[in-house]
Amino acid sequence: MGAPPTRPADRAFTRPRRRPIAAVAALAVLLAVAAGVLAGISTPAPSPADAPEGDFSAARAFRNVEVIAAEPHVAGSAANDRVREHLVGTLRGLGLQTEVQDAVAPEAGQLSGAAGGATLARVRNVVARLPGTDPTGKVFLVSHYDSVQTGPGGNDDAAGTATILEVARALTTGPRPRNDVVFVLTDAEEACLCGAAGFAADHPLARDGGVVLNLEARGSTGPVIMFETSRDNAKLVEIFGRAAPHPVGTSFAVEIYRALPNDTDFTAFGDRKFAGLNSAYIDGGAIYHTPLDVPARMDRGSLQMHGDNALGLTREFGRTDLGDLRAGHDDTYFPVLGGLISYPGWLTLPLAVAALLAVGALGWLLRRRGRATAGTLAAGFGLTLVPVVVAPLGAWLLWAAITTIRPGYAELLDPYRPVAYRLAVVALAAAVLFCWYALLRRRVGPAALAFGGLAWLAVFGVLLAVAVPGGAYLTTLPALAGALAGFAALATRRDGPWPVVAVTLAAAVAVVILLPPVVLLFPALGMGMGAVAALVAVLLGLAVLPVVDLLHPRAGGQRGLLALRARRLGALPAAAAALAAVVLAGVGLAVDRFDAEHPVPTHLMYALDAGTGKAAWLSREEKPQPWTDGYVDGRVSIADDFPGLGSTELRGGPATAAPLPAPKLDLLSGSTSGDQRVLRVRVTPQRQVRLLTLHVDTSTATVRSATVAGRDVPVEPGDGKWGFGVVFHAPPPEGVEVTLTLVPRGGAVSVRAMDASDGLSSVPGFRPRPEGVGVVGSHSSEMLAVARTYPL
C-alpha cells in the first residue's frame, strides 16, 4: 500500500496544543544551553597577586609581561639582550639549572621570503631544567621571548613567556614532579622559528624527545584554544581533557590549522620523538604584530587561562609515565559545557554512515506516516542547498561592501571592535534561513524541509569523515541526534509534549556542537572569511528547524484572512533578522572608526642600491591608504634589485638616496678544482641591522653546495636572476662567513649582498605618520634595506 495522503496541517513533527507556550519553552531551553556553551569557552577571572603560592596568578605573571614587553625586542637587538638577562635571572632565582644556548640554527617551516633562499639565524635560547624524582621522560614548556620589529610583543609572546616563568615559580614551591620539566624560551621565532629548530635539533636535553607544550598568542583576548597536536593524539587529548582546568579545543581546529600556511615553534618539534599540544588565544587580532601589542592591551583572563592550563598539564604530564603517549590514532574531540568530549577517530566514518542511514530511514518513515511525499522529500533535500550557498555568499558580499566603505580593513587581520560585524553575519545567515523557510514551509512542508536539512548534515558528515575527519562530528552528531528525535516525535502523539521535548533536545545537541565553531571561527579566520562562520551558522539553523517551526503558525489548514495572517507571522523572523543584520553592520561602522587608539594600518619600506645610488619607497598595500599613496604609485618588481625581499610585485615610488653603506663583502680565500670554484667570503654589516642576505647571479655561476657560519645549507636554486640565496637573521657585528662551491659560467661571479634594519625616521623625505595612521602587522613594515652587487 502507498503512503496515506498528506494533509497540509499534518506535515510537521510537532503540533502542540499551546503552540506559543511550546515555542517560548523550547527557545528558553536553547538560550540556556547557548549561555552554558558560551560560559564554557569564556576566560576565567584573573587571580590576584596574593593567590596561593602553588596556584597560577595572572597578576604575578603580568609583572613579567611588563618587563618583557617594555619595548620592541627583535632577535639580535640590545633590547632582546635585556629581556634575556631578565629571564635568566628570574629562572636562576628560582633555583633552576639555567643556561643560554648560543648557536646558529636553520629555519623551521617555510617562512622565508627569499628567492631560493636558505634561512638561518644566530639564536640564544634560554633553557632551564627542574629535575624529576624518577624520570620516564621530559616535559618541555616552550614559548618565544623575541618580538617583531614593529611592536613590543605584549601578547605575542610575552604572554607565553611570562606564563612559563609563573608556572616555573609555582612548580618550585611544591613537591618535585616525577619527570624532568624543561623550560625553553626560544629566540628568533618571529624571524624564522630558528630558536626552536636549533633547540630541537641540537640541544642535549632534546635528544630523547618528550612532551612539548607550546604557548602562543595571536591577538589580545579570548579563550585559550588548544589548536594543534602531534599525530596519534588520543592519549594526549585524554590528558588534556582531564588535566586542563579550561579545556577548549576541537579536532576541527587541528584540521583547519593543518590546512593554513602558518607555523609556530611547535613546528620545529614535528619529529616523531616529540609529542605535544599547541595552545594560543587568538581574538583581538587587529593589534597582532603592531605597535599596539603592549601589555596594557592584554586580557588578564586570557593570561590566567593560559597559566591554569599550562600548570595543570605540566603537573599531570610530570607524574605520568611518558614511555608511550602515542595511541596509534587521533581522537575526535570538542568542548562541552566546560569539559571535553572525545571518541576514537576510527569511529568517525562509521558514525557518519550511521547518521546518513538514520536520516534516510527517517525520510522513509515520514513518507510512511503521511508527513511527506517522495516529491516533497526530494524538494526539501534539493532546496536546502539554497541557504547553504546564499548565506556564505551574502556574508562575503556584506564584508566586501563594508571594506569598500572602509578600505583600511583590507590590511587588518580583524577589525579592532569586530563584535557588531560578527553578529551582523550571524543575523544575515539567520535572515536567509528564515526567509527560505517562510517561503517554502507551506508548499514543501516542515517535516520535509527538516529532513532536507538533516540529510545535508549527514552528507557533509560523510564527506568530512573522508576528507577532514577531525571536523566530521560537526555535522554527523547533529544529524544523528535530529534523526533520533524525529523517530521519537513520530512515535508519540503530535499534540502532546514529547515531540516538542524530542526536537528541543536534538536542537540542544546541535547548539552544543555547532555554536562554539561559529564563535571561534570569526577570530580564527577573520572577517574576511566570515562566510565560513556563516556556513556553520546555517548548518546550526538547519539542525534546529523543528524548533524554528514553532515560531510559525500551524502548517496549512488556514484559508482567506487566516492564511494571509499566517504568512505575515511567518515572515516576522526573517524580517527581524534582516533588520538586525543591517542595523548591526551600521553599528559596526559607527563604532569601529579609525582613530589614534585604533589607527588605519599602513605598510612602507625603503630600499637603496648603494652601487647605483638609486632608492625607492615600497609598499605591500594592494590599495594604498592616502598616507602611503604619498610615497608609492604603480606596481614594481624588486626581484632583480632586492632578491632578499622576495619576488612579489609591490607598490613603488622614487626616493632620495640616503648616505647609507651596503654590507661589506670580503673574499677570504678562493680555489679552483676542475670546473668547480670554492669561494670563502665574509659578509659584514656596516650598521646595526637585523638581517643579512647573499644571492648568487645564476647567469654567472651555478651553486653546488654552501656552508653558512659553519652549517651546511640546502641548495635549491629558484627562478629568476638571483636563483640561490641565503638569509641570515640576527647577524653578529663581526659578520657571517659563507663558503660557496660553484661552477662559474665564465668571467667573474656576481653576488648581491643586502642588509636590513628597522625604522624610517632618518630617511630623507620620510614624513611621520599623522594621528590615526598606524603600522600594519608585518615582518617587513618599516624595513630599511641596503644592497650592492659585488664581482668575485
# chains A, B, ... in the order shown; residues from 1 in each chain; ligands from 1

call {"tool": "residues_around", "arguments": {"residues": "Ser761 (chain A)", "least_positions_apart": "4", "cutoff": "12 Å", "atoms": "only C-alpha atoms", "output": "ChimeraX atom specification"}}
result
/A:604-606,658,757,765-769,782-784

call {"tool": "select_by_dssp", "arguments": {"residues": "region 125-319 of chain A", "states": "strand (DSSP E or B)", "output": "ChimeraX atom specification"}}
result
/A:125-130,138-144,180-186,210-217,221-229,249,274-283

call {"tool": "closest_residue", "arguments": {"among": "A:Leu385, A:Ala639, A:Val583, A:Leu792", "to": "Trp722 (chain A)", "atoms": "only C-alpha atoms"}}
result
A:Ala639

call {"tool": "closest_residue", "arguments": {"among": "A:Pro106, A:Gly154, A:Gly338, A:Pro478", "to": "Leu356 (chain A)", "atoms": "only C-alpha atoms"}}
result
A:Pro478

call {"tool": "atom_distance", "arguments": {"atom1": "CA of Ala616 (chain A)", "atom2": "CA of Pro685 (chain A)"}}
result
20.7 Å

call {"tool": "closest_atom_pairs", "arguments": {"of": "region 286-348 of chain A", "to": "region 256-280 of chain A", "cutoff": "8 Å", "atoms": "only C-alpha atoms", "output": "CSV"}}
result
residue,atom,partner,partner_atom,distance
A:His306,CA,A:Ala280,CA,7.7
A:Leu325,CA,A:Ala275,CA,7.4
A:Arg326,CA,A:Ala275,CA,7.7

call {"tool": "write_last_selection", "arguments": {"atoms": "all heavy atoms", "output": "CSV table (one decimal), in the first residue's frame"}}
result
chain,number,residue,atom,x,y,z
A,306,HIS,N,45.7,30.7,30.1
A,306,HIS,CA,47.0,30.1,29.7
A,306,HIS,C,47.7,29.4,30.8
A,306,HIS,O,48.1,28.3,30.7
A,306,HIS,CB,47.8,31.2,29.1
A,306,HIS,CG,48.3,31.0,27.7
A,306,HIS,ND1,48.3,29.8,27.0
A,306,HIS,CD2,48.8,31.9,26.7
A,306,HIS,CE1,48.7,29.9,25.8
A,306,HIS,NE2,49.0,31.1,25.6
A,325,LEU,N,53.2,7.8,24.6
A,325,LEU,CA,51.9,8.6,24.6
A,325,LEU,C,51.2,8.5,23.3
A,325,LEU,O,50.2,9.2,23.1
A,325,LEU,CB,52.3,10.0,24.9
A,325,LEU,CG,52.6,10.3,26.4
A,325,LEU,CD1,53.0,11.8,26.6
A,325,LEU,CD2,51.4,10.0,27.3
A,326,ARG,N,51.8,7.7,22.4
A,326,ARG,CA,51.1,7.6,21.0
A,326,ARG,C,50.2,6.5,21.0
A,326,ARG,O,50.6,5.3,21.2
A,326,ARG,CB,52.2,7.5,19.9
A,326,ARG,CG,53.1,8.8,19.9
A,326,ARG,CD,54.0,8.7,18.6
A,326,ARG,NE,54.9,9.9,18.6
A,326,ARG,CZ,54.5,11.0,18.0
A,326,ARG,NH1,53.3,11.2,17.5
A,326,ARG,NH2,55.4,12.0,18.0

call {"tool": "residues_around", "arguments": {"residues": "Ala188 (chain A)", "least_positions_apart": "3", "cutoff": "10 Å", "atoms": "only C-alpha atoms", "output": "PyMOL selection string"}}
result
chain A and resi 74-76+105+107+120-125+144-148+191-197+265+729-730

call {"tool": "residues_around", "arguments": {"residues": "Arg218 (chain A)", "least_positions_apart": "4", "cutoff": "7 Å", "atoms": "only C-alpha atoms", "output": "list of chain:residue names"}}
result
A:Asp156, A:Ala280, A:Tyr281, A:Ile282, A:Gly285, A:Tyr288

call {"tool": "residues_around", "arguments": {"residues": "region 699-701 of chain A", "least_positions_apart": "4", "cutoff": "6 Å", "atoms": "only C-alpha atoms", "output": "count of residues only"}}
result
4

call {"tool": "residues_around", "arguments": {"residues": "His246 (chain A)", "least_positions_apart": "3", "cutoff": "12 Å", "atoms": "only C-alpha atoms", "output": "ChimeraX atom specification"}}
result
/A:39-45,223-226,240-243,249,279,301-302,304-313,335-340

call {"tool": "atom_distance", "arguments": {"atom1": "CA of Thr98 (chain A)", "atom2": "CA of Pro204 (chain A)"}}
result
13.7 Å

call {"tool": "closest_atom_pairs", "arguments": {"of": "region 237-259 of chain A", "to": "region 344-353 of chain A", "cutoff": "12 Å", "atoms": "only C-alpha atoms", "output": "JSON lines"}}
result
{"residue": "A:Val237", "atom": "CA", "partner": "A:Pro344", "partner_atom": "CA", "distance": 10.4}
{"residue": "A:Glu238", "atom": "CA", "partner": "A:Pro344", "partner_atom": "CA", "distance": 10.5}
{"residue": "A:Ser251", "atom": "CA", "partner": "A:Gly345", "partner_atom": "CA", "distance": 9.6}
{"residue": "A:Phe252", "atom": "CA", "partner": "A:Gly345", "partner_atom": "CA", "distance": 11.9}

call {"tool": "write_last_selection", "arguments": {"atoms": "N, CA, C and O atoms", "output": "CSV table (one decimal), in the first residue's frame"}}
result
chain,number,residue,atom,x,y,z
A,237,VAL,N,45.0,13.9,24.1
A,237,VAL,CA,43.7,14.6,24.2
A,237,VAL,C,43.0,14.1,25.5
A,237,VAL,O,42.4,14.9,26.2
A,238,GLU,N,43.1,12.9,25.9
A,238,GLU,CA,42.5,12.4,27.1
A,238,GLU,C,43.1,13.1,28.3
A,238,GLU,O,42.4,13.5,29.2
A,251,SER,N,39.0,19.0,17.5
A,251,SER,CA,39.8,18.3,16.4
A,251,SER,C,39.6,19.1,15.1
A,251,SER,O,40.4,19.0,14.2
A,252,PHE,N,38.5,19.8,15.0
A,252,PHE,CA,38.2,20.6,13.8
A,252,PHE,C,39.3,21.7,13.7
A,252,PHE,O,39.8,22.0,12.6

call {"tool": "residues_around", "arguments": {"residues": "region 412-414 of chain A", "least_positions_apart": "6", "cutoff": "9 Å", "atoms": "only C-alpha atoms", "output": "ChimeraX atom specification"}}
result
/A:283-288,522-523,525-528,600-601,776-777

call {"tool": "select_by_dssp", "arguments": {"residues": "region 579-655 of chain A", "states": "alpha helix (DSSP H)", "output": "JSON, numbers by chain"}}
result
{"A": [579, 580, 581, 582, 583, 584, 585, 586, 587, 588, 589, 590, 591, 626, 627, 628, 629]}

call {"tool": "write_last_selection", "arguments": {"atoms": "N, CA, C and O atoms", "output": "short mmCIF file (atom, residue, chain, number, x, y, z; two decimals), in the first residue's frame"}}
result
data_model
loop_
_atom_site.label_atom_id
_atom_site.label_comp_id
_atom_site.auth_asym_id
_atom_site.auth_seq_id
_atom_site.Cartn_x
_atom_site.Cartn_y
_atom_site.Cartn_z
N LEU A 579 16.62 42.96 9.44
CA LEU A 579 16.77 44.28 10.04
C LEU A 579 17.95 44.30 11.01
O LEU A 579 18.74 45.25 11.03
N ALA A 580 18.08 43.23 11.78
CA ALA A 580 19.20 43.15 12.73
C ALA A 580 20.54 43.17 11.99
O ALA A 580 21.50 43.81 12.45
N ALA A 581 20.63 42.46 10.86
CA ALA A 581 21.88 42.43 10.10
C ALA A 581 22.26 43.82 9.62
O ALA A 581 23.42 44.24 9.73
N VAL A 582 21.28 44.57 9.11
CA VAL A 582 21.55 45.92 8.61
C VAL A 582 21.96 46.84 9.76
O VAL A 582 22.93 47.60 9.66
N VAL A 583 21.19 46.77 10.84
CA VAL A 583 21.49 47.64 11.99
C VAL A 583 22.86 47.32 12.57
O VAL A 583 23.65 48.23 12.89
N LEU A 584 23.18 46.04 12.72
CA LEU A 584 24.46 45.66 13.31
C LEU A 584 25.63 46.07 12.41
O LEU A 584 26.68 46.49 12.92
N ALA A 585 25.47 45.93 11.11
CA ALA A 585 26.53 46.39 10.20
C ALA A 585 26.74 47.89 10.35
O ALA A 585 27.88 48.39 10.37
N GLY A 586 25.62 48.64 10.47
CA GLY A 586 25.73 50.08 10.68
C GLY A 586 26.38 50.42 12.01
O GLY A 586 27.20 51.35 12.09
N VAL A 587 26.04 49.66 13.04
CA VAL A 587 26.66 49.87 14.35
C VAL A 587 28.16 49.61 14.27
O VAL A 587 28.97 50.36 14.83
N GLY A 588 28.54 48.55 13.55
CA GLY A 588 29.96 48.26 13.39
C GLY A 588 30.70 49.41 12.74
O GLY A 588 31.79 49.82 13.21
N LEU A 589 30.13 49.99 11.68
CA LEU A 589 30.78 51.11 11.01
C LEU A 589 30.83 52.34 11.90
O LEU A 589 31.80 53.12 11.87
N ALA A 590 29.79 52.53 12.72
CA ALA A 590 29.76 53.70 13.60
C ALA A 590 30.73 53.55 14.76
O ALA A 590 31.37 54.53 15.17
N VAL A 591 30.84 52.34 15.29
CA VAL A 591 31.65 52.12 16.49
C VAL A 591 33.12 51.93 16.16
O VAL A 591 34.00 52.47 16.85
N PRO A 626 45.74 56.81 1.89
CA PRO A 626 46.19 58.15 1.46
C PRO A 626 47.60 58.48 1.91
O PRO A 626 48.38 59.07 1.15
N TRP A 627 47.98 58.08 3.15
CA TRP A 627 49.34 58.39 3.61
C TRP A 627 50.36 57.64 2.78
O TRP A 627 51.36 58.21 2.35
N THR A 628 50.12 56.37 2.54
CA THR A 628 51.06 55.56 1.74
C THR A 628 51.10 56.05 0.30
O THR A 628 52.14 55.99 -0.36
N ASP A 629 49.97 56.52 -0.18
CA ASP A 629 49.87 56.96 -1.57
C ASP A 629 50.80 58.14 -1.85
O ASP A 629 51.15 58.39 -3.01
#

call {"tool": "atom_distance", "arguments": {"atom1": "CA of Gly54 (chain A)", "atom2": "CA of Pro247 (chain A)"}}
result
20.2 Å

call {"tool": "closest_residue", "arguments": {"among": "A:Glu771, A:Asp675, A:Glu621, A:Glu99", "to": "Leu742 (chain A)", "atoms": "only C-alpha atoms"}}
result
A:Asp675

call {"tool": "closest_residue", "arguments": {"among": "A:Val104, A:Ala23, A:Val65, A:Ala429", "to": "Thr119 (chain A)", "atoms": "only C-alpha atoms"}}
result
A:Val104

call {"tool": "closest_residue", "arguments": {"among": "A:Arg84, A:Arg319, A:Arg752, A:Arg687", "to": "Asp641 (chain A)", "atoms": "only C-alpha atoms"}}
result
A:Arg752

call {"tool": "decode", "arguments": {"residues": "region 240-352 of chain A", "atoms": "C-alpha atoms", "output": "PDB file, in the first residue's frame"}}
result
ATOM      1  CA  PHE A 240      44.185  17.463  28.127  1.00  0.00           C
ATOM      2  CA  GLY A 241      40.503  16.938  28.851  1.00  0.00           C
ATOM      3  CA  ARG A 242      41.269  15.618  32.321  1.00  0.00           C
ATOM      4  CA  ALA A 243      44.062  17.925  33.492  1.00  0.00           C
ATOM      5  CA  ALA A 244      43.417  21.302  31.839  1.00  0.00           C
ATOM      6  CA  PRO A 245      41.029  23.341  34.014  1.00  0.00           C
ATOM      7  CA  HIS A 246      39.661  25.086  30.900  1.00  0.00           C
ATOM      8  CA  PRO A 247      39.858  22.523  28.070  1.00  0.00           C
ATOM      9  CA  VAL A 248      38.855  24.473  24.972  1.00  0.00           C
ATOM     10  CA  GLY A 249      39.960  22.621  21.883  1.00  0.00           C
ATOM     11  CA  THR A 250      38.490  20.824  18.901  1.00  0.00           C
ATOM     12  CA  SER A 251      39.764  18.316  16.410  1.00  0.00           C
ATOM     13  CA  PHE A 252      38.233  20.610  13.785  1.00  0.00           C
ATOM     14  CA  ALA A 253      40.673  23.367  14.821  1.00  0.00           C
ATOM     15  CA  VAL A 254      43.544  20.934  14.275  1.00  0.00           C
ATOM     16  CA  GLU A 255      42.258  20.220  10.775  1.00  0.00           C
ATOM     17  CA  ILE A 256      41.923  23.935   9.986  1.00  0.00           C
ATOM     18  CA  TYR A 257      45.408  24.710  11.238  1.00  0.00           C
ATOM     19  CA  ARG A 258      46.930  21.911   9.217  1.00  0.00           C
ATOM     20  CA  ALA A 259      45.371  23.450   6.108  1.00  0.00           C
ATOM     21  CA  LEU A 260      46.589  27.002   6.820  1.00  0.00           C
ATOM     22  CA  PRO A 261      50.068  28.274   5.802  1.00  0.00           C
ATOM     23  CA  ASN A 262      51.035  29.010   9.403  1.00  0.00           C
ATOM     24  CA  ASP A 263      53.829  27.818  11.661  1.00  0.00           C
ATOM     25  CA  THR A 264      54.822  28.280  15.297  1.00  0.00           C
ATOM     26  CA  ASP A 265      57.699  26.965  17.377  1.00  0.00           C
ATOM     27  CA  PHE A 266      55.685  23.755  17.657  1.00  0.00           C
ATOM     28  CA  THR A 267      56.575  23.074  14.012  1.00  0.00           C
ATOM     29  CA  ALA A 268      60.201  22.516  14.994  1.00  0.00           C
ATOM     30  CA  PHE A 269      59.155  19.641  17.254  1.00  0.00           C
ATOM     31  CA  GLY A 270      57.415  17.721  14.493  1.00  0.00           C
ATOM     32  CA  ASP A 271      59.846  14.815  14.753  1.00  0.00           C
ATOM     33  CA  ARG A 272      58.323  11.501  15.892  1.00  0.00           C
ATOM     34  CA  LYS A 273      60.347  11.603  19.113  1.00  0.00           C
ATOM     35  CA  PHE A 274      58.235  14.559  20.275  1.00  0.00           C
ATOM     36  CA  ALA A 275      54.549  14.582  21.148  1.00  0.00           C
ATOM     37  CA  GLY A 276      52.640  17.602  22.316  1.00  0.00           C
ATOM     38  CA  LEU A 277      49.988  20.273  22.294  1.00  0.00           C
ATOM     39  CA  ASN A 278      49.976  23.823  20.913  1.00  0.00           C
ATOM     40  CA  SER A 279      47.757  26.480  22.520  1.00  0.00           C
ATOM     41  CA  ALA A 280      47.013  30.161  21.979  1.00  0.00           C
ATOM     42  CA  TYR A 281      44.404  32.831  22.441  1.00  0.00           C
ATOM     43  CA  ILE A 282      43.558  34.457  19.136  1.00  0.00           C
ATOM     44  CA  ASP A 283      40.869  37.124  19.485  1.00  0.00           C
ATOM     45  CA  GLY A 284      41.712  40.811  19.164  1.00  0.00           C
ATOM     46  CA  GLY A 285      43.873  40.120  16.124  1.00  0.00           C
ATOM     47  CA  ALA A 286      43.876  43.753  14.959  1.00  0.00           C
ATOM     48  CA  ILE A 287      46.866  44.502  17.192  1.00  0.00           C
ATOM     49  CA  TYR A 288      48.820  41.406  16.164  1.00  0.00           C
ATOM     50  CA  HIS A 289      52.440  42.273  15.328  1.00  0.00           C
ATOM     51  CA  THR A 290      51.764  46.014  15.601  1.00  0.00           C
ATOM     52  CA  PRO A 291      52.981  48.785  17.944  1.00  0.00           C
ATOM     53  CA  LEU A 292      49.638  48.381  19.762  1.00  0.00           C
ATOM     54  CA  ASP A 293      50.613  44.969  21.141  1.00  0.00           C
ATOM     55  CA  VAL A 294      51.514  46.441  24.517  1.00  0.00           C
ATOM     56  CA  PRO A 295      50.938  44.942  27.972  1.00  0.00           C
ATOM     57  CA  ALA A 296      48.009  47.267  28.674  1.00  0.00           C
ATOM     58  CA  ARG A 297      46.079  45.661  25.790  1.00  0.00           C
ATOM     59  CA  MET A 298      46.285  42.174  27.311  1.00  0.00           C
ATOM     60  CA  ASP A 299      43.170  40.467  28.675  1.00  0.00           C
ATOM     61  CA  ARG A 300      44.330  39.172  32.072  1.00  0.00           C
ATOM     62  CA  GLY A 301      41.620  36.493  31.907  1.00  0.00           C
ATOM     63  CA  SER A 302      43.290  35.043  28.799  1.00  0.00           C
ATOM     64  CA  LEU A 303      46.633  35.100  30.619  1.00  0.00           C
ATOM     65  CA  GLN A 304      45.033  33.311  33.584  1.00  0.00           C
ATOM     66  CA  MET A 305      43.571  30.656  31.286  1.00  0.00           C
ATOM     67  CA  HIS A 306      46.966  30.110  29.659  1.00  0.00           C
ATOM     68  CA  GLY A 307      48.563  29.654  33.067  1.00  0.00           C
ATOM     69  CA  ASP A 308      45.868  27.464  34.611  1.00  0.00           C
ATOM     70  CA  ASN A 309      46.029  25.074  31.670  1.00  0.00           C
ATOM     71  CA  ALA A 310      49.822  25.087  31.405  1.00  0.00           C
ATOM     72  CA  LEU A 311      50.274  24.427  35.128  1.00  0.00           C
ATOM     73  CA  GLY A 312      47.614  21.712  35.231  1.00  0.00           C
ATOM     74  CA  LEU A 313      49.010  19.944  32.181  1.00  0.00           C
ATOM     75  CA  THR A 314      52.616  20.209  33.367  1.00  0.00           C
ATOM     76  CA  ARG A 315      51.726  18.653  36.705  1.00  0.00           C
ATOM     77  CA  GLU A 316      49.779  15.849  35.018  1.00  0.00           C
ATOM     78  CA  PHE A 317      52.463  15.069  32.445  1.00  0.00           C
ATOM     79  CA  GLY A 318      55.007  15.481  35.227  1.00  0.00           C
ATOM     80  CA  ARG A 319      53.586  12.460  37.055  1.00  0.00           C
ATOM     81  CA  THR A 320      52.546  10.398  34.007  1.00  0.00           C
ATOM     82  CA  ASP A 321      54.608   7.578  32.552  1.00  0.00           C
ATOM     83  CA  LEU A 322      55.798   9.183  29.328  1.00  0.00           C
ATOM     84  CA  GLY A 323      57.102   5.944  27.869  1.00  0.00           C
ATOM     85  CA  ASP A 324      54.483   5.838  25.136  1.00  0.00           C
ATOM     86  CA  LEU A 325      51.938   8.566  24.620  1.00  0.00           C
ATOM     87  CA  ARG A 326      51.131   7.648  21.044  1.00  0.00           C
ATOM     88  CA  ALA A 327      47.858   5.755  20.842  1.00  0.00           C
ATOM     89  CA  GLY A 328      48.101   4.803  17.188  1.00  0.00           C
ATOM     90  CA  HIS A 329      45.189   7.039  16.206  1.00  0.00           C
ATOM     91  CA  ASP A 330      43.810  10.546  16.531  1.00  0.00           C
ATOM     92  CA  ASP A 331      40.760  11.361  18.618  1.00  0.00           C
ATOM     93  CA  THR A 332      37.769  13.405  17.609  1.00  0.00           C
ATOM     94  CA  TYR A 333      37.091  15.903  20.377  1.00  0.00           C
ATOM     95  CA  PHE A 334      35.193  19.103  21.143  1.00  0.00           C
ATOM     96  CA  PRO A 335      34.291  21.253  24.182  1.00  0.00           C
ATOM     97  CA  VAL A 336      31.012  20.653  26.017  1.00  0.00           C
ATOM     98  CA  LEU A 337      29.902  22.993  28.810  1.00  0.00           C
ATOM     99  CA  GLY A 338      33.358  23.441  30.337  1.00  0.00           C
ATOM    100  CA  GLY A 339      34.517  19.892  29.642  1.00  0.00           C
ATOM    101  CA  LEU A 340      35.785  17.919  26.672  1.00  0.00           C
ATOM    102  CA  ILE A 341      34.067  15.096  24.790  1.00  0.00           C
ATOM    103  CA  SER A 342      36.294  12.750  22.806  1.00  0.00           C
ATOM    104  CA  TYR A 343      35.999   9.480  20.952  1.00  0.00           C
ATOM    105  CA  PRO A 344      38.364   7.448  18.766  1.00  0.00           C
ATOM    106  CA  GLY A 345      38.921   8.782  15.293  1.00  0.00           C
ATOM    107  CA  TRP A 346      38.274   5.352  13.785  1.00  0.00           C
ATOM    108  CA  LEU A 347      34.612   5.807  14.766  1.00  0.00           C
ATOM    109  CA  THR A 348      34.300   8.870  12.531  1.00  0.00           C
ATOM    110  CA  LEU A 349      33.308   7.166   9.292  1.00  0.00           C
ATOM    111  CA  PRO A 350      31.025   4.525  10.886  1.00  0.00           C
ATOM    112  CA  LEU A 351      29.188   7.257  12.773  1.00  0.00           C
ATOM    113  CA  ALA A 352      28.840   9.330   9.617  1.00  0.00           C
TER     114      ALA A 352
END
